[in-house]
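Enquirer: Attaching a single structure in C-alpha cells format; questions to follow.
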Amino acid sequence: MSEFEPILLTLPSLAPSLAVEIIPYGLTFHRIFVQADGRTHDIVIGPEDPRGHITQKYTNTIIGRYANRVPVGTHAIERNGVKAEVIAKLNEGTRVSLHGGPIGFDSLAWTHLTPNSPPTLFTEAELAHLPPLSSAATYGIFRLVSPDGDQGYPGELTTEVLIALVPPAEQERKYLEPGQTTAGAEWDLGSIVYVYRAKLDKGVTPVNLTQHWGFNLEASLKDGKDTLSVKNHHITMKADRIVARDADSLNKGEFINVSDATEHLHEGQKIGDKYPKLGYDDYYAFTPQKIKIPKRFPVSELTPKFDLLKDVLIPSGTGGVTRGDRPEPVVELSSETSGLKLIFETNQDGAMFYSNAWADPTKGARKKIHGGSGIKDHGDGYVPGTAAFLEFHDILAAFLDPAKQNGNDTLLTSNEVYHNYVRCDVRFRQPAT
C-alpha cells in the first residue's frame with residue numbers, strides 16, 4: 001500500500017456519523033468526516049491531495065520523537081541512574097530543534113499492521129475490546145521503528161499507535177409531543193481515540209509525542225469568510241497556567257497564570273473575544289486532577305492480561321456508562337453555527353493551542369469541501385485564524401528541567417513502556433431556528 005493511500009476507518013452504518021481517513025505518511029488524519037443534520041463536515045483543515053502533506057507540514061500529523069521546541073546542541077540526560085546524550089538538530093531559526101528534528105515522525109511512512117503482523121505493545125486483553133477487522137474497519141494499528149541516533153536521539157525506539165472509532169452508547173428513543181422539535185437537543189455521534197505506545201531497546205531517551213491536528217467546525221458550511229475562521233468557535237480549557245517562552249519560543253522554565261493574562265482564560269467564550277494580535281500559539285498546563293491512567297508503566301507489566309484500554313474504549317453518552325479510570329475532560333471546542341462540539345480528555349499534562357496564526361494563503365492548498373480549489377499554491381489556501389490546533393502532550397523540553405528528574409521528565413528507559421492517550425467525543429446540537 002502506498003504511504004499516501006488513505007485508510008478509511010468508519011463506524012458501522014450505511015450512513016456513518018463518524019469516519020476518518022488515515023494516511024501512513026506521518027500517520028496523518030487526512031480527513032475527519034462528521035455527518036449531522038443532513039450535512040457532511042470535514043472538521044480538519046489540510047491539503048486536498050494526500051501528497052500535499054509533504055510540504056504542508058505538521059497538518060494533522062503525528063509529532064515525534066519530541067513535540068515542540070528543544071534548544072539545539074548536546075544535552076546530558078539521566079533517569080533512574082541511566083545516562084545518555086541527546087544531540088538536538090537544528091531545523092528552525094538558529095537555536096531550535098522543532099518537532100523531533102529535520103526528519104521527524106511526521107515525515108516518515110508508518111506500517112499499517114495486519115493480523116499477520118500483530119502489535120507487540122498492546123496486549124491480548126486490550127485487543128479483545130476491538131471488533132474483528134472487516135472491510136469496514138473501525139480501527140487501525142500502526143508501527144514505526146526509529147533507529148538509534150535518529151535525529152540525535154539515543155536508542156532504538158519502537159512506537160505503535162492505535163487509532164479507533166468508538167460508537168455512541170445506545171440512547172433512549174425519544175417520542176416528540178405535537179409541536180415539539182429536536183432544536184437544542186445534543187446527540188453523541190461517537191468518539192475518536194488514539195493511543196501511543198513506545199518501547200526503547202536500551203538506555204534512555206526523551207519521548208513526548210502528540211498529534212498536530214487542526215480543527216475547524218464550520219469550514220465545510222462554505223458560507224463565506226466568517227465560517228472559514230475559528231474566531232466564532234467557543235473554547236473551554238481547564239488550564240491554570242501557560243508556559244513562559246523566549247523570543248524563539250523555547251521554554252524559559254517559568255509559568256504565567258492565566259488569571260494574569262485573561263486572553264488565555266478560556267471558559268467557554270468565543271476564541272475571537274480576546275484574540276491576541278499575533279493569534280494563539282501557547283502551551284496550556286491543565287489544572288491538576290488525579291490521573292489514574294499512567295504515562296508509562298514497567299515493561300514487566302506488559303502481560304497478556306494487562307489492560308489500560310477497557311475504560312478508554314467504552315461508548316460515549318448515556319446508557320448508564322461510567323467513566324471508570326478515565327480523567328475528566330480538559331478541552332471543549334464547539335460551534336453554534338454548525339452545532340458540532342468536540343470534548344477532549346487525556347492523560348497528558350497540557351496542550352498547545354495554535355490558531356494557525358502563521359498560515360500563508362499563497363502556499364499550500366485548501367480542501368474543496370472547505371471552499372478551496374484544492375490546488376497547491378493557487379492563492380486560495382488557509383488564512384491565519386482558520387484552525388484550532390490542539391496538541392496534547394507533556395511540558396515543553398521537560399527533560400532539561402532538573403526539578404523534574406526521575407519524575408515527569410518526559411524520559412523513557414528501556415525497562416518502561418510509554419503510554420499516551422487522547423479521546424475526542426463528537427457531539428451535535430441542532431441549532432435553534
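Convention: chains lettered A, B, ... in C-alpha cells order; per-chain residue numbering from 1; ligands numbered from 1 as shown.
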If you run DSSP on the backbone here, which positions in segment 149-258 of chain A get alpha helix (DSSP H)? Please write them as a ChimeraX atom specification.
Expert: /A:225-228
Enquirer: Write out the residues from the selection above, keeping N, CA and C atoms, as a short mmCIF file (atom, residue, chain, number, x, y, z; two decimals), in the first residue's frame.
Expert:
data_model
loop_
_atom_site.label_atom_id
_atom_site.label_comp_id
_atom_site.auth_asym_id
_atom_site.auth_seq_id
_atom_site.Cartn_x
_atom_site.Cartn_y
_atom_site.Cartn_z
N LYS A 225 -16.45 34.06 4.48
CA LYS A 225 -15.23 34.28 5.25
C LYS A 225 -15.41 33.93 6.72
N ASP A 226 -16.58 34.23 7.29
CA ASP A 226 -16.78 34.02 8.71
C ASP A 226 -16.70 32.54 9.09
N THR A 227 -17.21 31.66 8.24
CA THR A 227 -17.18 30.23 8.58
C THR A 227 -15.82 29.60 8.30
N LEU A 228 -14.92 30.32 7.63
CA LEU A 228 -13.56 29.80 7.45
C LEU A 228 -12.71 30.13 8.67
#
Enquirer: Identify, on the basis of only C-alpha atoms, every residue whose closest approach to segment 243-250 of chain A does not exceed 8 Å; exclude the query and any residue fewer than 3 positions from it along the same chain; express the result as a list in words.
Expert: Arg69, Val70, Pro71, Gly93, Arg95, Val96, Gly253, Glu254, Phe255, Ile256, Asp282, Tyr283, Tyr284 and Ala285 of chain A
Enquirer: From the list A:Cys424, A:Ile343, A:Met352, A:Ala365, which residue is nearest Asp394 of chain A when using only C-alpha atoms?
Expert: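 Comparing A:Cys424, A:Ile343, A:Met352, A:Ala365 against Asp394 of chain A, the winner is A:Met352.
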Enquirer: Contacts between segment 8-23 of chain A and segment 105-149 of chain A, please, where a residue of segment 105-149 of chain A counts if it comes within 9 Å (with only C-alpha atoms); show its shortest atom pair and distance in Å to one decimal, rows by chain and ascending number, as a tab-separated table.
Expert:
residue	atom	partner	partner_atom	distance
A:Ala109	CA	A:Ile23	CA	8.7
A:Trp110	CA	A:Ile23	CA	8.7
A:Ala136	CA	A:Thr10	CA	6.4
A:Ala137	CA	A:Leu9	CA	5.2
A:Thr138	CA	A:Leu9	CA	4.9
A:Tyr139	CA	A:Leu9	CA	6.0
A:Gly140	CA	A:Leu9	CA	7.6
Enquirer: Excluding same-chain residues fewer than 3 positions from Leu144 of chain A, what lies within 12 Å of it counting only C-alpha atoms, as an mmCIF file with all heavy atoms, in the first residue's frame?
Expert:
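After the write, selection_35.cif holds the following:
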data_model
loop_
_atom_site.group_PDB
_atom_site.id
_atom_site.type_symbol
_atom_site.label_atom_id
_atom_site.label_comp_id
_atom_site.auth_asym_id
_atom_site.auth_seq_id
_atom_site.Cartn_x
_atom_site.Cartn_y
_atom_site.Cartn_z
ATOM 1 N N PRO A 24 -0.617 6.641 5.943
ATOM 2 C CA PRO A 24 0.565 6.192 6.681
ATOM 3 C C PRO A 24 1.689 7.221 6.723
ATOM 4 O O PRO A 24 2.474 7.228 7.668
ATOM 5 C CB PRO A 24 0.983 4.926 5.921
ATOM 6 C CG PRO A 24 -0.283 4.408 5.307
ATOM 7 C CD PRO A 24 -1.034 5.653 4.923
ATOM 8 N N TYR A 25 1.781 8.088 5.709
ATOM 9 C CA TYR A 25 2.809 9.124 5.730
ATOM 10 C C TYR A 25 2.530 10.072 6.888
ATOM 11 O O TYR A 25 1.514 10.773 6.922
ATOM 12 C CB TYR A 25 2.828 9.904 4.415
ATOM 13 C CG TYR A 25 3.858 11.020 4.373
ATOM 14 C CD1 TYR A 25 5.169 10.763 3.983
ATOM 15 C CD2 TYR A 25 3.527 12.324 4.733
ATOM 16 C CE1 TYR A 25 6.119 11.776 3.948
ATOM 17 C CE2 TYR A 25 4.460 13.344 4.709
ATOM 18 C CZ TYR A 25 5.763 13.064 4.313
ATOM 19 O OH TYR A 25 6.703 14.059 4.290
ATOM 20 N N GLY A 26 3.427 10.077 7.861
ATOM 21 C CA GLY A 26 3.262 10.954 9.010
ATOM 22 C C GLY A 26 2.138 10.569 9.937
ATOM 23 O O GLY A 26 1.796 11.325 10.837
ATOM 24 N N LEU A 27 1.552 9.370 9.722
ATOM 25 C CA LEU A 27 0.389 8.922 10.494
ATOM 26 C C LEU A 27 -0.598 10.075 10.627
ATOM 27 O O LEU A 27 -0.901 10.585 11.704
ATOM 28 C CB LEU A 27 0.808 8.397 11.864
ATOM 29 C CG LEU A 27 -0.266 7.577 12.599
ATOM 30 C CD1 LEU A 27 -0.685 6.373 11.781
ATOM 31 C CD2 LEU A 27 0.230 7.141 13.956
ATOM 32 N N ILE A 62 1.369 13.066 13.203
ATOM 33 C CA ILE A 62 1.986 12.783 14.488
ATOM 34 C C ILE A 62 3.282 13.592 14.576
ATOM 35 O O ILE A 62 3.873 13.967 13.550
ATOM 36 C CB ILE A 62 2.269 11.278 14.652
ATOM 37 C CG1 ILE A 62 2.586 10.935 16.120
ATOM 38 C CG2 ILE A 62 3.393 10.808 13.726
ATOM 39 C CD1 ILE A 62 2.683 9.451 16.396
ATOM 40 N N GLY A 64 7.090 13.526 16.567
ATOM 41 C CA GLY A 64 8.000 12.741 17.403
ATOM 42 C C GLY A 64 9.420 12.760 16.839
ATOM 43 O O GLY A 64 9.639 13.204 15.717
ATOM 44 N N ARG A 65 10.425 12.274 17.605
ATOM 45 C CA ARG A 65 10.249 11.739 18.925
ATOM 46 C C ARG A 65 9.818 12.754 19.969
ATOM 47 O O ARG A 65 9.305 12.369 21.036
ATOM 48 C CB ARG A 65 11.562 11.122 19.449
ATOM 49 C CG ARG A 65 12.063 9.889 18.762
ATOM 50 C CD ARG A 65 13.260 9.328 19.495
ATOM 51 N NE ARG A 65 13.891 8.275 18.700
ATOM 52 C CZ ARG A 65 14.829 7.482 19.140
ATOM 53 N NH1 ARG A 65 15.251 7.620 20.388
ATOM 54 N NH2 ARG A 65 15.356 6.574 18.352
ATOM 55 N N GLY A 104 11.399 14.272 11.245
ATOM 56 C CA GLY A 104 10.669 13.737 12.386
ATOM 57 C C GLY A 104 9.690 12.653 11.980
ATOM 58 O O GLY A 104 9.574 12.268 10.813
ATOM 59 N N PHE A 105 8.934 12.172 12.965
ATOM 60 C CA PHE A 105 7.957 11.106 12.718
ATOM 61 C C PHE A 105 6.899 11.547 11.718
ATOM 62 O O PHE A 105 6.263 10.706 11.069
ATOM 63 C CB PHE A 105 7.272 10.715 14.028
ATOM 64 C CG PHE A 105 8.128 9.888 14.962
ATOM 65 C CD1 PHE A 105 9.468 9.656 14.707
ATOM 66 C CD2 PHE A 105 7.579 9.346 16.114
ATOM 67 C CE1 PHE A 105 10.251 8.906 15.565
ATOM 68 C CE2 PHE A 105 8.347 8.583 16.986
ATOM 69 C CZ PHE A 105 9.682 8.360 16.715
ATOM 70 N N ASP A 106 6.684 12.856 11.587
ATOM 71 C CA ASP A 106 5.683 13.375 10.651
ATOM 72 C C ASP A 106 6.079 13.181 9.194
ATOM 73 O O ASP A 106 5.234 13.290 8.301
ATOM 74 C CB ASP A 106 5.476 14.873 10.904
ATOM 75 C CG ASP A 106 6.737 15.676 10.604
ATOM 76 O OD1 ASP A 106 7.718 15.556 11.365
ATOM 77 O OD2 ASP A 106 6.778 16.396 9.601
ATOM 78 N N SER A 107 7.371 12.923 8.943
ATOM 79 C CA SER A 107 7.876 12.816 7.565
ATOM 80 C C SER A 107 8.161 11.378 7.156
ATOM 81 O O SER A 107 8.763 11.154 6.100
ATOM 82 C CB SER A 107 9.167 13.636 7.425
ATOM 83 O OG SER A 107 8.933 14.997 7.712
ATOM 84 N N LEU A 108 7.732 10.420 7.950
ATOM 85 C CA LEU A 108 8.063 9.019 7.704
ATOM 86 C C LEU A 108 6.801 8.200 7.455
ATOM 87 O O LEU A 108 5.709 8.549 7.897
ATOM 88 C CB LEU A 108 8.832 8.446 8.900
ATOM 89 C CG LEU A 108 10.155 9.158 9.231
ATOM 90 C CD1 LEU A 108 10.733 8.618 10.533
ATOM 91 C CD2 LEU A 108 11.149 9.017 8.086
ATOM 92 N N ALA A 109 6.980 7.097 6.737
ATOM 93 C CA ALA A 109 5.869 6.189 6.445
ATOM 94 C C ALA A 109 5.734 5.174 7.569
ATOM 95 O O ALA A 109 6.682 4.466 7.914
ATOM 96 C CB ALA A 109 6.117 5.478 5.114
ATOM 97 N N TRP A 110 4.551 5.107 8.131
ATOM 98 C CA TRP A 110 4.241 4.158 9.193
ATOM 99 C C TRP A 110 3.684 2.878 8.584
ATOM 100 O O TRP A 110 3.048 2.898 7.532
ATOM 101 C CB TRP A 110 3.232 4.764 10.157
ATOM 102 C CG TRP A 110 3.807 5.867 10.991
ATOM 103 C CD1 TRP A 110 4.270 7.071 10.564
ATOM 104 C CD2 TRP A 110 3.992 5.845 12.407
ATOM 105 N NE1 TRP A 110 4.744 7.810 11.620
ATOM 106 C CE2 TRP A 110 4.571 7.089 12.770
ATOM 107 C CE3 TRP A 110 3.715 4.923 13.412
ATOM 108 C CZ2 TRP A 110 4.880 7.407 14.085
ATOM 109 C CZ3 TRP A 110 4.015 5.239 14.725
ATOM 110 C CH2 TRP A 110 4.598 6.462 15.056
ATOM 111 N N THR A 111 3.927 1.758 9.254
ATOM 112 C CA THR A 111 3.438 0.459 8.785
ATOM 113 C C THR A 111 2.071 0.173 9.381
ATOM 114 O O THR A 111 1.895 0.222 10.608
ATOM 115 C CB THR A 111 4.407 -0.663 9.186
ATOM 116 O OG1 THR A 111 5.687 -0.417 8.593
ATOM 117 C CG2 THR A 111 3.902 -2.019 8.723
ATOM 118 N N HIS A 112 1.109 -0.112 8.513
ATOM 119 C CA HIS A 112 -0.235 -0.493 8.956
ATOM 120 C C HIS A 112 -0.214 -1.983 9.283
ATOM 121 O O HIS A 112 -0.008 -2.815 8.403
ATOM 122 C CB HIS A 112 -1.242 -0.194 7.844
ATOM 123 C CG HIS A 112 -2.664 -0.451 8.229
ATOM 124 N ND1 HIS A 112 -3.654 -0.681 7.295
ATOM 125 C CD2 HIS A 112 -3.267 -0.522 9.440
ATOM 126 C CE1 HIS A 112 -4.799 -0.880 7.915
ATOM 127 N NE2 HIS A 112 -4.591 -0.789 9.219
ATOM 128 N N LEU A 113 -0.411 -2.302 10.555
ATOM 129 C CA LEU A 113 -0.309 -3.688 10.981
ATOM 130 C C LEU A 113 -1.561 -4.471 10.599
ATOM 131 O O LEU A 113 -2.666 -3.943 10.562
ATOM 132 C CB LEU A 113 -0.083 -3.762 12.494
ATOM 133 C CG LEU A 113 1.163 -3.038 13.014
ATOM 134 C CD1 LEU A 113 1.318 -3.255 14.511
ATOM 135 C CD2 LEU A 113 2.420 -3.511 12.279
ATOM 136 N N PRO A 119 0.491 -6.357 16.662
ATOM 137 C CA PRO A 119 1.255 -5.438 17.511
ATOM 138 C C PRO A 119 1.954 -6.173 18.640
ATOM 139 O O PRO A 119 1.541 -7.261 19.048
ATOM 140 C CB PRO A 119 0.178 -4.493 18.049
ATOM 141 C CG PRO A 119 -1.086 -5.295 18.009
ATOM 142 C CD PRO A 119 -0.961 -6.163 16.794
ATOM 143 N N THR A 120 3.009 -5.558 19.139
ATOM 144 C CA THR A 120 3.754 -6.128 20.262
ATOM 145 C C THR A 120 3.592 -5.313 21.538
ATOM 146 O O THR A 120 3.971 -5.780 22.618
ATOM 147 C CB THR A 120 5.255 -6.215 19.915
ATOM 148 O OG1 THR A 120 5.743 -4.885 19.643
ATOM 149 C CG2 THR A 120 5.485 -7.113 18.711
ATOM 150 N N LEU A 121 3.043 -4.106 21.439
ATOM 151 C CA LEU A 121 2.932 -3.222 22.593
ATOM 152 C C LEU A 121 1.499 -3.079 23.100
ATOM 153 O O LEU A 121 1.239 -2.297 24.013
ATOM 154 C CB LEU A 121 3.507 -1.847 22.256
ATOM 155 C CG LEU A 121 4.988 -1.833 21.860
ATOM 156 C CD1 LEU A 121 5.456 -0.411 21.574
ATOM 157 C CD2 LEU A 121 5.857 -2.466 22.946
ATOM 158 N N ILE A 141 -3.951 -0.157 13.650
ATOM 159 C CA ILE A 141 -2.754 -0.070 14.492
ATOM 160 C C ILE A 141 -1.556 0.098 13.570
ATOM 161 O O ILE A 141 -1.438 -0.601 12.553
ATOM 162 C CB ILE A 141 -2.589 -1.306 15.387
ATOM 163 C CG1 ILE A 141 -3.819 -1.465 16.293
ATOM 164 C CG2 ILE A 141 -1.328 -1.194 16.242
ATOM 165 C CD1 ILE A 141 -3.775 -2.684 17.191
ATOM 166 N N PRO A 147 15.563 4.273 14.498
ATOM 167 C CA PRO A 147 16.850 3.670 14.860
ATOM 168 C C PRO A 147 17.630 4.489 15.877
ATOM 169 O O PRO A 147 17.377 5.681 16.078
ATOM 170 C CB PRO A 147 17.588 3.609 13.517
ATOM 171 C CG PRO A 147 16.990 4.702 12.695
ATOM 172 C CD PRO A 147 15.550 4.774 13.107
ATOM 173 N N GLU A 156 17.106 2.639 20.028
ATOM 174 C CA GLU A 156 16.109 2.278 19.018
ATOM 175 C C GLU A 156 14.734 2.295 19.675
ATOM 176 O O GLU A 156 14.474 1.577 20.641
ATOM 177 C CB GLU A 156 16.390 0.887 18.456
ATOM 178 C CG GLU A 156 15.391 0.446 17.394
ATOM 179 C CD GLU A 156 15.666 -0.951 16.876
ATOM 180 O OE1 GLU A 156 16.505 -1.103 15.965
ATOM 181 O OE2 GLU A 156 15.050 -1.908 17.403
ATOM 182 N N LEU A 157 13.840 3.109 19.148
ATOM 183 C CA LEU A 157 12.519 3.296 19.735
ATOM 184 C C LEU A 157 11.455 2.701 18.811
ATOM 185 O O LEU A 157 11.332 3.101 17.656
ATOM 186 C CB LEU A 157 12.234 4.782 19.954
ATOM 187 C CG LEU A 157 10.933 5.106 20.703
ATOM 188 C CD1 LEU A 157 11.072 4.771 22.182
ATOM 189 C CD2 LEU A 157 10.555 6.581 20.509
ATOM 190 N N THR A 158 10.702 1.746 19.332
ATOM 191 C CA THR A 158 9.577 1.172 18.598
ATOM 192 C C THR A 158 8.295 1.826 19.111
ATOM 193 O O THR A 158 8.013 1.795 20.313
ATOM 194 C CB THR A 158 9.495 -0.344 18.791
ATOM 195 O OG1 THR A 158 10.677 -0.951 18.267
ATOM 196 C CG2 THR A 158 8.279 -0.925 18.074
ATOM 197 N N THR A 159 7.543 2.424 18.193
ATOM 198 C CA THR A 159 6.294 3.095 18.551
ATOM 199 C C THR A 159 5.140 2.422 17.823
ATOM 200 O O THR A 159 5.223 2.162 16.619
ATOM 201 C CB THR A 159 6.338 4.583 18.169
ATOM 202 O OG1 THR A 159 7.453 5.210 18.806
ATOM 203 C CG2 THR A 159 5.064 5.299 18.597
ATOM 204 N N GLU A 160 4.091 2.119 18.555
ATOM 205 C CA GLU A 160 2.856 1.596 17.968
ATOM 206 C C GLU A 160 1.700 2.504 18.375
ATOM 207 O O GLU A 160 1.644 2.982 19.516
ATOM 208 C CB GLU A 160 2.589 0.163 18.420
ATOM 209 C CG GLU A 160 3.604 -0.828 17.863
ATOM 210 C CD GLU A 160 3.355 -2.262 18.270
ATOM 211 O OE1 GLU A 160 2.476 -2.514 19.121
ATOM 212 O OE2 GLU A 160 4.062 -3.142 17.734
ATOM 213 N N VAL A 161 0.798 2.739 17.428
ATOM 214 C CA VAL A 161 -0.313 3.663 17.655
ATOM 215 C C VAL A 161 -1.622 2.985 17.274
ATOM 216 O O VAL A 161 -1.769 2.468 16.161
ATOM 217 C CB VAL A 161 -0.145 4.957 16.838
ATOM 218 C CG1 VAL A 161 -1.328 5.894 17.070
ATOM 219 C CG2 VAL A 161 1.161 5.659 17.203
ATOM 220 N N TYR A 196 -0.844 6.085 22.000
ATOM 221 C CA TYR A 196 0.561 5.928 21.631
ATOM 222 C C TYR A 196 1.238 5.007 22.651
ATOM 223 O O TYR A 196 1.148 5.239 23.857
ATOM 224 C CB TYR A 196 1.309 7.258 21.673
ATOM 225 C CG TYR A 196 0.828 8.351 20.756
ATOM 226 C CD1 TYR A 196 0.973 9.684 21.140
ATOM 227 C CD2 TYR A 196 0.271 8.096 19.515
ATOM 228 C CE1 TYR A 196 0.577 10.728 20.316
ATOM 229 C CE2 TYR A 196 -0.133 9.131 18.690
ATOM 230 C CZ TYR A 196 0.021 10.442 19.093
ATOM 231 O OH TYR A 196 -0.375 11.469 18.271
ATOM 232 N N ARG A 197 1.946 4.008 22.157
ATOM 233 C CA ARG A 197 2.802 3.174 22.995
ATOM 234 C C ARG A 197 4.211 3.197 22.387
ATOM 235 O O ARG A 197 4.368 3.161 21.154
ATOM 236 C CB ARG A 197 2.304 1.725 23.023
ATOM 237 C CG ARG A 197 0.989 1.507 23.782
ATOM 238 C CD ARG A 197 1.219 1.190 25.227
ATOM 239 N NE ARG A 197 -0.001 1.162 26.014
ATOM 240 C CZ ARG A 197 -0.751 0.075 26.207
ATOM 241 N NH1 ARG A 197 -0.414 -1.082 25.654
ATOM 242 N NH2 ARG A 197 -1.821 0.140 26.970
ATOM 243 N N ALA A 198 5.237 3.231 23.236
ATOM 244 C CA ALA A 198 6.616 3.228 22.743
ATOM 245 C C ALA A 198 7.509 2.473 23.715
ATOM 246 O O ALA A 198 7.313 2.534 24.933
ATOM 247 C CB ALA A 198 7.125 4.652 22.544
ATOM 248 N N LYS A 199 8.507 1.774 23.143
ATOM 249 C CA LYS A 199 9.452 0.997 23.939
ATOM 250 C C LYS A 199 10.853 1.175 23.370
ATOM 251 O O LYS A 199 11.048 1.137 22.148
ATOM 252 C CB LYS A 199 9.067 -0.489 23.949
ATOM 253 C CG LYS A 199 9.926 -1.365 24.837
ATOM 254 C CD LYS A 199 9.450 -2.810 24.808
ATOM 255 C CE LYS A 199 10.310 -3.678 25.720
ATOM 256 N NZ LYS A 199 11.730 -3.674 25.311
#
Enquirer: Apply DSSP to the structure's backbone, then extract all residues of segment 223-402 of chain A labelled strand (DSSP E or B) and return them as number ranges by chain.
Expert: A: 234-237, 239-245, 251-257, 267-270, 281-286, 296-298, 316, 331-334, 340-346, 350-354, 388-393
Enquirer: May I have the residues within 9 Å of Asp49 of chain A as a list of chain:residue names, using only C-alpha atoms and disregarding those fewer than 3 positions away in the same chain?
Expert: A:Phe4, A:Gly46, A:Gly52, A:His53, A:Ala365, A:Lys367, A:Gly374, A:Ile375, A:Lys376
Enquirer: For Pro102 of chain A, which residue out of A:Asp201, A:Glu124, A:Asp150, A:Glu391 is the nearest one, using only C-alpha atoms?
Expert: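 Closest to Pro102 of chain A of all the choices is A:Asp150.
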Enquirer: Choose the residue, out of A:Thr337, A:Leu133, A:Val299, A:Val193, that has the smallest atom-to-atom separation from His234 of chain A; count only C-alpha atoms.
Expert: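 Among the listed residues, the smallest separation from His234 of chain A belongs to A:Thr337.
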Enquirer: Quick one: residues within 9 Å of Tyr382 of chain A, only C-alpha atoms counted, chain neighbours fewer than 4 positions away excluded, as a JSON list (two decimals) with C-alpha atoms, in the first residue's frame?
Expert:
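Output (out.json):
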[["chain", "number", "residue", "atom", "x", "y", "z"],
["A", 45, "ILE", "CA", -8.02, 21.58, 7.66],
["A", 46, "GLY", "CA", -5.37, 20.43, 5.19],
["A", 228, "LEU", "CA", -13.56, 29.80, 7.45],
["A", 356, "ASN", "CA", -2.97, 28.76, 12.57],
["A", 359, "ALA", "CA", -0.73, 30.43, 7.74],
["A", 360, "ASP", "CA", 0.09, 31.84, 4.28],
["A", 361, "PRO", "CA", -2.81, 31.59, 1.79],
["A", 362, "THR", "CA", -0.39, 31.78, -1.15],
["A", 363, "LYS", "CA", 1.18, 28.47, -0.12],
["A", 364, "GLY", "CA", -0.29, 25.02, 0.16],
["A", 365, "ALA", "CA", -3.87, 24.11, -0.68],
["A", 366, "ARG", "CA", -7.31, 24.36, 0.88],
["A", 372, "GLY", "CA", -10.83, 25.95, -1.82],
["A", 386, "THR", "CA", -8.66, 29.23, 10.28],
["A", 387, "ALA", "CA", -7.94, 26.35, 12.67]]
Enquirer: For atom CA of Glu3 of chain A and atom CA of Ala164 of chain A, determine how far apart the two atoms are, in Å to one decimal place.
Expert: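 Atom CA of Glu3 of chain A sits 19.3 Å away from atom CA of Ala164 of chain A.
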Enquirer: With only C-alpha atoms as the atoms that count, which of A:Val258, A:Leu400, A:Ala239, A:Leu98 lies nearest to Thr74 of chain A?
Expert: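 Of A:Val258, A:Leu400, A:Ala239, A:Leu98, the one nearest Thr74 of chain A is A:Leu400, counting only C-alpha atoms.
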Enquirer: Calculate how many Å separate atom CA of Tyr418 of chain A from atom CA of Pro315 of chain A, rounding to one decimal.
Expert: 24.7 Å
